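Novice: What follows is upload25.txt, made up of compact mmCIF, C-alpha atoms:
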# COMPACT_ATOMS: atom_id res chain seq x y z
CA MET A 220 -3.35 -22.73 12.65
CA SER A 221 -3.36 -20.47 15.69
CA GLU A 222 -6.83 -19.54 16.90
CA GLY A 223 -5.72 -15.94 17.30
CA ILE A 224 -4.47 -15.46 13.75
CA GLU A 225 -6.87 -15.50 10.80
CA ASN A 226 -4.22 -16.62 8.30
CA TYR A 227 -0.96 -17.95 9.70
CA PHE A 228 0.84 -17.34 6.40
CA SER A 229 -0.28 -13.70 6.08
CA ILE A 230 2.30 -11.20 7.33
CA ASP A 231 -0.45 -8.58 7.75
CA ASP A 232 -2.50 -10.95 9.92
CA ILE A 233 0.53 -11.83 12.04
CA LEU A 234 1.44 -8.17 12.55
CA SER A 235 -2.12 -7.07 13.26
CA SER A 236 -2.46 -9.82 15.88
CA GLN A 237 0.24 -7.98 17.88
CA GLU A 238 -2.04 -4.93 18.29
CA ARG A 239 -2.93 -4.19 21.91
CA LEU A 240 -6.50 -4.79 23.04
CA PRO A 241 -8.05 -3.38 26.25
CA CYS A 242 -9.23 -6.22 28.48
CA THR A 243 -10.67 -6.83 31.94
CA VAL A 244 -9.56 -9.92 33.86
CA GLU A 245 -12.56 -12.06 34.87
CA MET A 246 -10.70 -14.97 36.53
CA THR A 247 -7.37 -15.10 38.35
CA ILE A 248 -4.50 -15.66 35.90
CA TYR A 249 -1.62 -17.09 37.86
CA ARG A 250 1.98 -15.90 37.54
CA LEU A 251 1.23 -13.16 35.01
CA GLY A 252 1.06 -10.31 37.51
CA TYR A 253 4.14 -8.72 35.92
CA MET A 254 1.90 -7.68 32.99
CA ASP A 255 0.22 -5.14 35.29
CA SER A 256 2.90 -2.62 36.25
CA SER A 257 0.56 -0.95 38.78
CA SER A 258 0.22 -4.12 40.87
CA GLU A 259 2.67 -5.93 43.12
CA SER A 260 0.75 -9.21 42.94
CA GLU A 261 2.37 -12.07 41.06
CA ASP A 262 -1.06 -12.96 39.64
CA LEU A 263 -3.53 -11.04 37.50
CA LEU A 264 -6.61 -10.64 39.69
CA PRO A 265 -10.28 -10.32 38.67
CA GLY A 266 -11.24 -6.74 37.81
CA THR A 267 -7.75 -5.83 36.61
CA LYS A 268 -7.84 -3.69 33.47
CA ILE A 269 -4.94 -4.39 31.15
CA GLU A 270 -3.96 -4.21 27.49
CA MET A 271 -3.03 -7.54 25.89
CA PRO A 272 -1.83 -8.47 22.41
CA PHE A 273 -4.81 -9.53 20.28
CA TRP A 274 -3.55 -13.12 19.98
CA MET A 275 -3.42 -13.49 23.77
CA ALA A 276 -6.83 -11.89 24.32
CA ARG A 277 -8.28 -14.21 21.67
CA ALA A 278 -6.93 -17.25 23.49
CA LEU A 279 -8.40 -16.06 26.80
CA CYS A 280 -11.76 -14.86 25.49
CA SER A 281 -13.71 -17.24 23.31
CA ARG A 282 -16.89 -19.29 23.36
CA LYS A 283 -15.03 -22.01 25.25
CA ARG A 284 -13.40 -19.80 27.88
CA HIS A 285 -14.04 -16.40 29.36
CA ILE A 286 -10.94 -15.66 31.41
CA VAL A 287 -10.91 -12.05 30.22
CA SER A 288 -13.50 -9.79 28.63
CA VAL A 289 -12.47 -7.45 25.83
CA GLU A 290 -13.40 -3.87 25.04
CA ILE A 291 -13.59 -2.15 21.67
CA PRO A 292 -10.36 -0.25 20.92
CA LYS A 293 -11.03 3.49 20.78
CA GLN A 294 -10.40 3.76 17.02
CA TYR A 295 -13.40 1.47 16.38
CA LYS A 296 -15.79 3.08 18.89
CA GLU A 297 -18.89 5.01 17.89
CA SER A 298 -17.21 8.44 18.05
CA TYR A 299 -14.58 7.41 15.51
CA ARG A 300 -17.15 5.59 13.37
CA GLU A 301 -19.14 8.84 13.18
CA ILE A 302 -16.05 10.71 11.97
CA LEU A 303 -15.43 8.10 9.27
CA THR A 304 -19.09 8.18 8.24
CA ALA A 305 -18.97 12.00 7.91
CA ASP A 306 -15.92 12.00 5.58
CA ALA A 307 -13.65 8.97 5.53
CA THR A 308 -11.37 10.43 2.84
CA VAL A 309 -9.74 13.00 5.17
CA VAL A 310 -9.01 10.61 8.06
CA ASP A 311 -5.42 9.55 8.75
CA LEU A 312 -6.15 5.82 8.82
CA HIS A 313 -2.50 4.89 9.27
CA LYS A 314 -2.44 6.88 12.49
CA LEU A 315 -5.50 4.97 13.75
CA GLY A 316 -3.68 1.74 12.97
CA PRO A 317 -1.37 0.63 10.15
CA PHE A 318 -3.53 -2.49 9.72
CA TYR A 319 -6.84 -0.77 10.37
CA TYR A 320 -9.05 -2.96 8.15
CA ASN A 321 -7.29 -6.23 8.96
CA TYR A 322 -7.37 -5.65 12.71
CA GLY A 323 -10.98 -4.48 12.56
CA CYS A 324 -11.99 -7.68 10.77
CA GLN A 325 -10.23 -9.77 13.39
CA LEU A 326 -12.09 -7.93 16.16
CA LEU A 327 -15.37 -9.17 14.69
CA ARG A 328 -14.48 -12.67 15.88
CA PHE A 329 -15.23 -11.59 19.46
CA GLU A 330 -18.90 -11.01 18.53
CA LEU A 331 -19.06 -7.76 20.49
CA PRO A 332 -22.36 -5.80 20.71
CA ASP A 333 -20.99 -3.27 18.18
CA SER A 334 -19.63 -5.88 15.77
CA GLY A 335 -22.36 -5.26 13.18
CA ASP A 336 -21.77 -1.50 13.19
CA ILE A 337 -17.98 -1.97 13.04
CA SER A 338 -18.37 -4.29 10.05
CA LYS A 339 -20.58 -1.79 8.19
CA CYS A 340 -18.18 1.06 8.98
CA LEU A 341 -15.15 -0.88 7.71
CA LEU A 342 -16.91 -1.66 4.42
CA LYS A 343 -18.24 1.88 3.94
CA THR A 344 -14.87 3.42 4.80
CA PHE A 345 -13.09 1.21 2.28
CA GLN A 346 -15.62 1.92 -0.46
CA THR A 347 -15.46 5.67 0.16
CA ARG A 348 -11.67 5.86 0.14
CA LEU A 349 -11.04 3.43 -2.74
CA ARG A 350 -11.90 5.82 -5.57
CA LYS A 351 -9.67 8.59 -4.21
CA ILE A 352 -6.81 6.11 -3.71
CA MET A 353 -7.03 4.83 -7.27
CA ASP A 354 -7.43 8.34 -8.72
CA SER A 355 -4.33 9.47 -6.81
CA SER A 356 -2.33 6.46 -7.97
CA GLN A 357 -3.24 7.16 -11.61
CA ASN A 358 -2.19 10.82 -11.41
CA ALA A 359 1.14 10.48 -9.64
CA LEU A 360 3.33 8.57 -12.08
CA ASN A 361 7.06 9.12 -11.48
CA GLU A 362 6.38 11.40 -8.52
CA ASP A 363 7.23 11.22 -4.84
CA THR A 364 4.11 9.59 -3.40
CA THR A 365 5.02 9.88 0.29
CA ARG A 366 2.47 12.63 0.91
CA LEU A 367 -0.25 10.72 -0.94
CA THR A 368 0.23 7.47 0.97
CA GLU A 369 1.12 8.66 4.47
CA LYS A 370 -2.53 8.55 5.64
CA LEU A 371 -3.28 5.13 4.11
CA ASP A 372 -3.35 1.86 6.01
CA GLU A 373 -1.10 -0.93 4.70
CA SER A 374 -3.75 -2.61 2.53
CA GLU A 375 -4.59 0.74 0.94
CA ARG A 376 -0.91 1.33 0.23
CA LEU A 377 -0.79 -1.99 -1.60
CA LEU A 378 -3.78 -0.90 -3.72
CA PHE A 379 -2.09 2.42 -4.46
CA LYS A 380 1.08 0.60 -5.53
CA ALA A 381 -0.91 -1.81 -7.72
CA GLY A 382 -2.66 1.13 -9.39
CA GLN A 383 0.66 2.80 -10.15
CA GLN A 384 2.13 -0.45 -11.46
CA GLY A 385 -0.85 -0.98 -13.76
CA LEU A 386 -0.56 2.57 -15.11
CA ASN A 387 3.18 2.20 -15.59
CA ASP A 388 2.72 -1.08 -17.50
CA PHE A 389 0.07 0.52 -19.72
CA PHE A 390 2.33 3.51 -20.41
CA LYS A 391 5.18 1.19 -21.43
CA TRP A 392 2.87 -0.75 -23.74
CA GLU A 393 1.41 2.44 -25.25
CA THR A 394 4.86 3.87 -25.98
CA ARG A 395 6.02 0.54 -27.43
CA GLN A 396 8.55 -0.06 -24.67
CA ILE A 397 6.77 -3.39 -24.42
CA GLU A 398 6.06 -4.41 -28.02
CA LYS A 399 5.24 -8.03 -27.56
CA LEU A 400 2.67 -9.60 -25.30
CA THR A 401 4.09 -12.65 -23.57
CA THR A 402 2.46 -15.72 -22.07
CA SER A 403 2.27 -15.61 -18.28
CA GLU A 404 4.47 -17.98 -16.28
CA MET A 405 1.41 -19.74 -14.87
CA VAL A 406 -0.01 -20.50 -18.32
CA ARG A 407 3.41 -21.56 -19.62
CA HIS A 408 3.92 -24.02 -16.75
CA HIS A 409 0.39 -25.37 -17.21
CA ARG A 410 1.08 -26.08 -20.88
CA LYS A 411 4.34 -27.83 -20.00
CA ARG A 412 2.57 -30.07 -17.50
CA LYS A 413 -0.18 -30.80 -20.00
CA ARG A 414 2.35 -31.78 -22.69
CA ALA A 415 4.22 -33.97 -20.20
CA ALA A 416 0.98 -35.72 -19.25
CA LEU A 417 0.19 -36.37 -22.93
CA ASP A 418 3.68 -37.70 -23.57
CA ASP A 419 3.35 -40.12 -20.64
CA ALA A 420 -0.06 -41.33 -21.82
Written as structure tokens, that's how I'd like the structure from this file.

Specialist:
Amino acid sequence: MSEGIENYFSIDDILSSQERLPCTVEMTIYRLGYMDSSSESEDLLPGTKIEMPFWMARALCSRKRHIVSVEIPKQYKESYREILTADATVVDLHKLGPFYYNYGCQLLRFELPDSGDISKCLLKTFQTRLRKIMDSSQNALNEDTTRLTEKLDESERLLFKAGQQGLNDFFKWETRQIEKLTTSEMVRHHRKRKRAALDDA
């Protein structure tokens, strides 16, 4: 598993690891000068401020090596945390980052001075917005939901979709469009394996 990606098999983790992170070069990084368009040097020199993909910054800034130092992205700084604390429900989280929660959780791995406050803000923001998301999903059946989801980050959009799917399934059951409860595929396969094991015994 890559050190820079929390879960290699998670598309959200892979995409969020591409987010740019402001960094300061602490040691010369040879032959990567092209990453700094304002410099003509073929190397990245100490003191250079540059934005790197999260996965690269993670590889260059860890407990084992400190080739670059990282800064908190602006959307996680105190000024933005204060806005979210005041009223998280009105904030366009998708504009701050389509993987706002996922990326924020990955930032905690750098153990920055503000990590504790960022963690609390992420949790509080999610808790505050969750009820409104689920209420909206339950009151928008068979409607265009573009306006309702445009300010949600990707994980919130999945929750909204799950809420709508649950309501839709309940509506079908209530109106007898689904008259018979069926055994889930997982349970059915488990029973088959159990019978096979008994037959082989």

Novice: Which is closest to Pro332 (chain A) among A:Ser355, A:Ile233, A:Ile302, A:Glu290, if we use only C-alpha atoms?

Specialist: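 Among the listed residues, the smallest separation from Pro332 (chain A) belongs to A:Glu290.
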
Novice: As a list of chain:residue names, please: the residues near Val289 (chain A) (cut-off 10 Å, all atoms listed in the file, same-chain neighbours under 2 positions excluded).

Specialist: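 Near neighbours after the sequence-gap exclusion: A:Leu240, A:Pro241, A:Cys242, A:Thr243, A:Val244, A:Lys268, A:Ile269, A:Glu270, A:Met271, A:Phe273, A:Ala276, A:Arg277, A:Leu279, A:Cys280, A:His285, A:Val287, A:Ile291, A:Pro292, A:Leu326, A:Phe329, A:Leu331.
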
Novice: For a quick check of understanding, using only C-alpha atoms, which of A:Lys370, A:Arg376, A:Lys391, A:Arg348 has the smallest distance to Ala307 (chain A)?

Specialist: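 Closest residue, counting only C-alpha atoms: A:Arg348.
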
Novice: What is the CA of Pro272 (chain A) to CA of Ser236 (chain A) distance in Å?

Specialist: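 Interatomic distance here is 6.7 Å.
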
Novice: I need the residue nearest Tyr249 (chain A) from this list: A:Thr368, A:Asn321, A:Ile286, A:Asp388. Use only C-alpha atoms for the distance.

Specialist: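 Comparing A:Thr368, A:Asn321, A:Ile286, A:Asp388 against Tyr249 (chain A), the winner is A:Ile286.
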
Novice: What is the distance, in Å and to one decimal place, between CA of Glu330 (chain A) and CA of Leu342 (chain A)?

Specialist: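 Value for the CA of Glu330 (chain A)-CA of Leu342 (chain A) distance: 17.0 Å.
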
Novice: Could you check how far CA of Leu377 (chain A) sits from CA of Thr304 (chain A), in Å to one decimal?

Specialist: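 It comes out at 23.1 Å.
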
Novice: Choose the residue, out of A:Ser374, A:Leu251, A:Asn358, A:Tyr299, that has the smallest atom-to-atom separation from Asp231 (chain A); count only C-alpha atoms.

Specialist: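 The answer is A:Ser374, which sits nearest to Asp231 (chain A).
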
Novice: Could you tell me, as a PDB file with C-alpha atoms, in the coordinates of the input, which residues have any atom at most 12 Å from (-18.2, 5.4, 16.2), counting all atoms listed in the file?

Specialist:
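Saved file out_36.pdb follows:
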ATOM      1  CA  ILE A 291     -13.590  -2.150  21.670  1.00  0.00           C
ATOM      2  CA  PRO A 292     -10.360  -0.250  20.920  1.00  0.00           C
ATOM      3  CA  LYS A 293     -11.030   3.490  20.780  1.00  0.00           C
ATOM      4  CA  GLN A 294     -10.400   3.760  17.020  1.00  0.00           C
ATOM      5  CA  TYR A 295     -13.400   1.470  16.380  1.00  0.00           C
ATOM      6  CA  LYS A 296     -15.790   3.080  18.890  1.00  0.00           C
ATOM      7  CA  GLU A 297     -18.890   5.010  17.890  1.00  0.00           C
ATOM      8  CA  SER A 298     -17.210   8.440  18.050  1.00  0.00           C
ATOM      9  CA  TYR A 299     -14.580   7.410  15.510  1.00  0.00           C
ATOM     10  CA  ARG A 300     -17.150   5.590  13.370  1.00  0.00           C
ATOM     11  CA  GLU A 301     -19.140   8.840  13.180  1.00  0.00           C
ATOM     12  CA  ILE A 302     -16.050  10.710  11.970  1.00  0.00           C
ATOM     13  CA  LEU A 303     -15.430   8.100   9.270  1.00  0.00           C
ATOM     14  CA  THR A 304     -19.090   8.180   8.240  1.00  0.00           C
ATOM     15  CA  ALA A 305     -18.970  12.000   7.910  1.00  0.00           C
ATOM     16  CA  ASP A 333     -20.990  -3.270  18.180  1.00  0.00           C
ATOM     17  CA  SER A 334     -19.630  -5.880  15.770  1.00  0.00           C
ATOM     18  CA  GLY A 335     -22.360  -5.260  13.180  1.00  0.00           C
ATOM     19  CA  ASP A 336     -21.770  -1.500  13.190  1.00  0.00           C
ATOM     20  CA  ILE A 337     -17.980  -1.970  13.040  1.00  0.00           C
ATOM     21  CA  SER A 338     -18.370  -4.290  10.050  1.00  0.00           C
ATOM     22  CA  LYS A 339     -20.580  -1.790   8.190  1.00  0.00           C
ATOM     23  CA  CYS A 340     -18.180   1.060   8.980  1.00  0.00           C
ATOM     24  CA  LEU A 341     -15.150  -0.880   7.710  1.00  0.00           C
TER      25      LEU A 341
END

Novice: Just the residues within 10 Å of Tyr319 (chain A), please, counting only C-alpha atoms, with nothing from its chain fewer than 3 positions along; format it as a count of residues only.

Specialist: 17

Novice: Would you please work out which residue, of A:Gln384, A:Ser258, A:Thr347, A:Gln325, is nearest to Val310 (chain A) when using all atoms listed in the file?

Specialist: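 Smallest distance to Val310 (chain A) is found for A:Thr347.
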
Novice: Find, counting only C-alpha atoms, the residue in A:Ile352, A:Gln237, A:Glu245, A:Ser260 that gets nearest to Met275 (chain A).

Specialist: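 Of A:Ile352, A:Gln237, A:Glu245, A:Ser260, the one nearest Met275 (chain A) is A:Gln237, counting only C-alpha atoms.
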
Novice: All heavy atoms are needed for region 321-332 of chain A; please write them out as an mmCIF file, in the frame of the given file.

Specialist:
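Saved as part.cif:
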data_model
loop_
_atom_site.group_PDB
_atom_site.id
_atom_site.type_symbol
_atom_site.label_atom_id
_atom_site.label_comp_id
_atom_site.auth_asym_id
_atom_site.auth_seq_id
_atom_site.Cartn_x
_atom_site.Cartn_y
_atom_site.Cartn_z
ATOM 1 N N ASN A 321 -7.603 -4.850 8.572
ATOM 2 C CA ASN A 321 -7.290 -6.230 8.960
ATOM 3 C C ASN A 321 -7.594 -6.456 10.442
ATOM 4 O O ASN A 321 -8.233 -7.439 10.819
ATOM 5 C CB ASN A 321 -5.812 -6.522 8.662
ATOM 6 C CG ASN A 321 -5.509 -8.002 8.647
ATOM 7 O OD1 ASN A 321 -5.662 -8.670 9.662
ATOM 8 N ND2 ASN A 321 -5.088 -8.510 7.510
ATOM 9 N N TYR A 322 -7.140 -5.533 11.275
ATOM 10 C CA TYR A 322 -7.370 -5.650 12.710
ATOM 11 C C TYR A 322 -8.855 -5.541 13.031
ATOM 12 O O TYR A 322 -9.387 -6.292 13.863
ATOM 13 C CB TYR A 322 -6.579 -4.559 13.437
ATOM 14 C CG TYR A 322 -6.637 -4.622 14.947
ATOM 15 C CD1 TYR A 322 -6.543 -5.838 15.623
ATOM 16 C CD2 TYR A 322 -6.773 -3.463 15.700
ATOM 17 C CE1 TYR A 322 -6.586 -5.891 17.013
ATOM 18 C CE2 TYR A 322 -6.821 -3.506 17.085
ATOM 19 C CZ TYR A 322 -6.729 -4.720 17.727
ATOM 20 O OH TYR A 322 -6.777 -4.771 19.103
ATOM 21 N N GLY A 323 -9.541 -4.629 12.347
ATOM 22 C CA GLY A 323 -10.980 -4.480 12.560
ATOM 23 C C GLY A 323 -11.737 -5.749 12.227
ATOM 24 O O GLY A 323 -12.652 -6.143 12.959
ATOM 25 N N CYS A 324 -11.341 -6.416 11.142
ATOM 26 C CA CYS A 324 -11.990 -7.680 10.770
ATOM 27 C C CYS A 324 -11.732 -8.765 11.808
ATOM 28 O O CYS A 324 -12.615 -9.577 12.107
ATOM 29 C CB CYS A 324 -11.495 -8.134 9.392
ATOM 30 S SG CYS A 324 -12.145 -7.132 8.025
ATOM 31 N N GLN A 325 -10.531 -8.784 12.366
ATOM 32 C CA GLN A 325 -10.230 -9.770 13.390
ATOM 33 C C GLN A 325 -11.031 -9.527 14.663
ATOM 34 O O GLN A 325 -11.433 -10.473 15.356
ATOM 35 C CB GLN A 325 -8.726 -9.780 13.693
ATOM 36 C CG GLN A 325 -7.879 -10.296 12.538
ATOM 37 C CD GLN A 325 -6.531 -10.831 12.988
ATOM 38 O OE1 GLN A 325 -6.439 -11.506 14.003
ATOM 39 N NE2 GLN A 325 -5.495 -10.527 12.238
ATOM 40 N N LEU A 326 -11.294 -8.259 14.975
ATOM 41 C CA LEU A 326 -12.090 -7.930 16.160
ATOM 42 C C LEU A 326 -13.495 -8.518 16.082
ATOM 43 O O LEU A 326 -14.109 -8.830 17.108
ATOM 44 C CB LEU A 326 -12.186 -6.418 16.339
ATOM 45 C CG LEU A 326 -10.932 -5.683 16.824
ATOM 46 C CD1 LEU A 326 -11.204 -4.176 16.827
ATOM 47 C CD2 LEU A 326 -10.544 -6.145 18.226
ATOM 48 N N LEU A 327 -14.009 -8.666 14.864
ATOM 49 C CA LEU A 327 -15.370 -9.170 14.690
ATOM 50 C C LEU A 327 -15.513 -10.593 15.230
ATOM 51 O O LEU A 327 -16.626 -11.031 15.539
ATOM 52 C CB LEU A 327 -15.751 -9.138 13.199
ATOM 53 C CG LEU A 327 -15.724 -7.765 12.522
ATOM 54 C CD1 LEU A 327 -16.108 -7.891 11.064
ATOM 55 C CD2 LEU A 327 -16.640 -6.789 13.242
ATOM 56 N N ARG A 328 -14.425 -11.296 15.391
ATOM 57 C CA ARG A 328 -14.480 -12.670 15.880
ATOM 58 C C ARG A 328 -14.892 -12.739 17.347
ATOM 59 O O ARG A 328 -15.302 -13.789 17.835
ATOM 60 C CB ARG A 328 -13.108 -13.344 15.687
ATOM 61 C CG ARG A 328 -12.640 -13.354 14.236
ATOM 62 C CD ARG A 328 -11.256 -13.916 14.081
ATOM 63 N NE ARG A 328 -11.211 -15.333 14.373
ATOM 64 C CZ ARG A 328 -10.098 -16.028 14.515
ATOM 65 N NH1 ARG A 328 -8.929 -15.427 14.406
ATOM 66 N NH2 ARG A 328 -10.127 -17.314 14.771
ATOM 67 N N PHE A 329 -14.806 -11.614 18.065
ATOM 68 C CA PHE A 329 -15.230 -11.590 19.460
ATOM 69 C C PHE A 329 -16.745 -11.456 19.612
ATOM 70 O O PHE A 329 -17.270 -11.596 20.700
ATOM 71 C CB PHE A 329 -14.548 -10.431 20.215
ATOM 72 C CG PHE A 329 -13.099 -10.663 20.497
ATOM 73 C CD1 PHE A 329 -12.128 -9.892 19.872
ATOM 74 C CD2 PHE A 329 -12.689 -11.643 21.385
ATOM 75 C CE1 PHE A 329 -10.782 -10.093 20.138
ATOM 76 C CE2 PHE A 329 -11.346 -11.854 21.654
ATOM 77 C CZ PHE A 329 -10.392 -11.080 21.028
ATOM 78 N N GLU A 330 -17.441 -11.155 18.512
ATOM 79 C CA GLU A 330 -18.900 -11.010 18.530
ATOM 80 C C GLU A 330 -19.330 -10.006 19.599
ATOM 81 O O GLU A 330 -20.194 -10.285 20.441
ATOM 82 C CB GLU A 330 -19.572 -12.374 18.739
ATOM 83 C CG GLU A 330 -19.240 -13.368 17.634
ATOM 84 C CD GLU A 330 -19.884 -14.725 17.844
ATOM 85 O OE1 GLU A 330 -20.607 -14.893 18.845
ATOM 86 O OE2 GLU A 330 -19.670 -15.615 17.016
ATOM 87 N N LEU A 331 -18.722 -8.831 19.568
ATOM 88 C CA LEU A 331 -19.060 -7.760 20.490
ATOM 89 C C LEU A 331 -20.397 -7.129 20.096
ATOM 90 O O LEU A 331 -20.831 -7.269 18.949
ATOM 91 C CB LEU A 331 -17.950 -6.703 20.474
ATOM 92 C CG LEU A 331 -16.560 -7.189 20.899
ATOM 93 C CD1 LEU A 331 -15.504 -6.164 20.527
ATOM 94 C CD2 LEU A 331 -16.530 -7.479 22.391
ATOM 95 N N PRO A 332 -21.070 -6.428 21.035
ATOM 96 C CA PRO A 332 -22.360 -5.800 20.710
ATOM 97 C C PRO A 332 -22.285 -4.868 19.491
ATOM 98 O O PRO A 332 -23.257 -4.745 18.750
ATOM 99 C CB PRO A 332 -22.700 -5.020 21.984
ATOM 100 C CG PRO A 332 -22.008 -5.779 23.073
ATOM 101 C CD PRO A 332 -20.717 -6.259 22.455
#
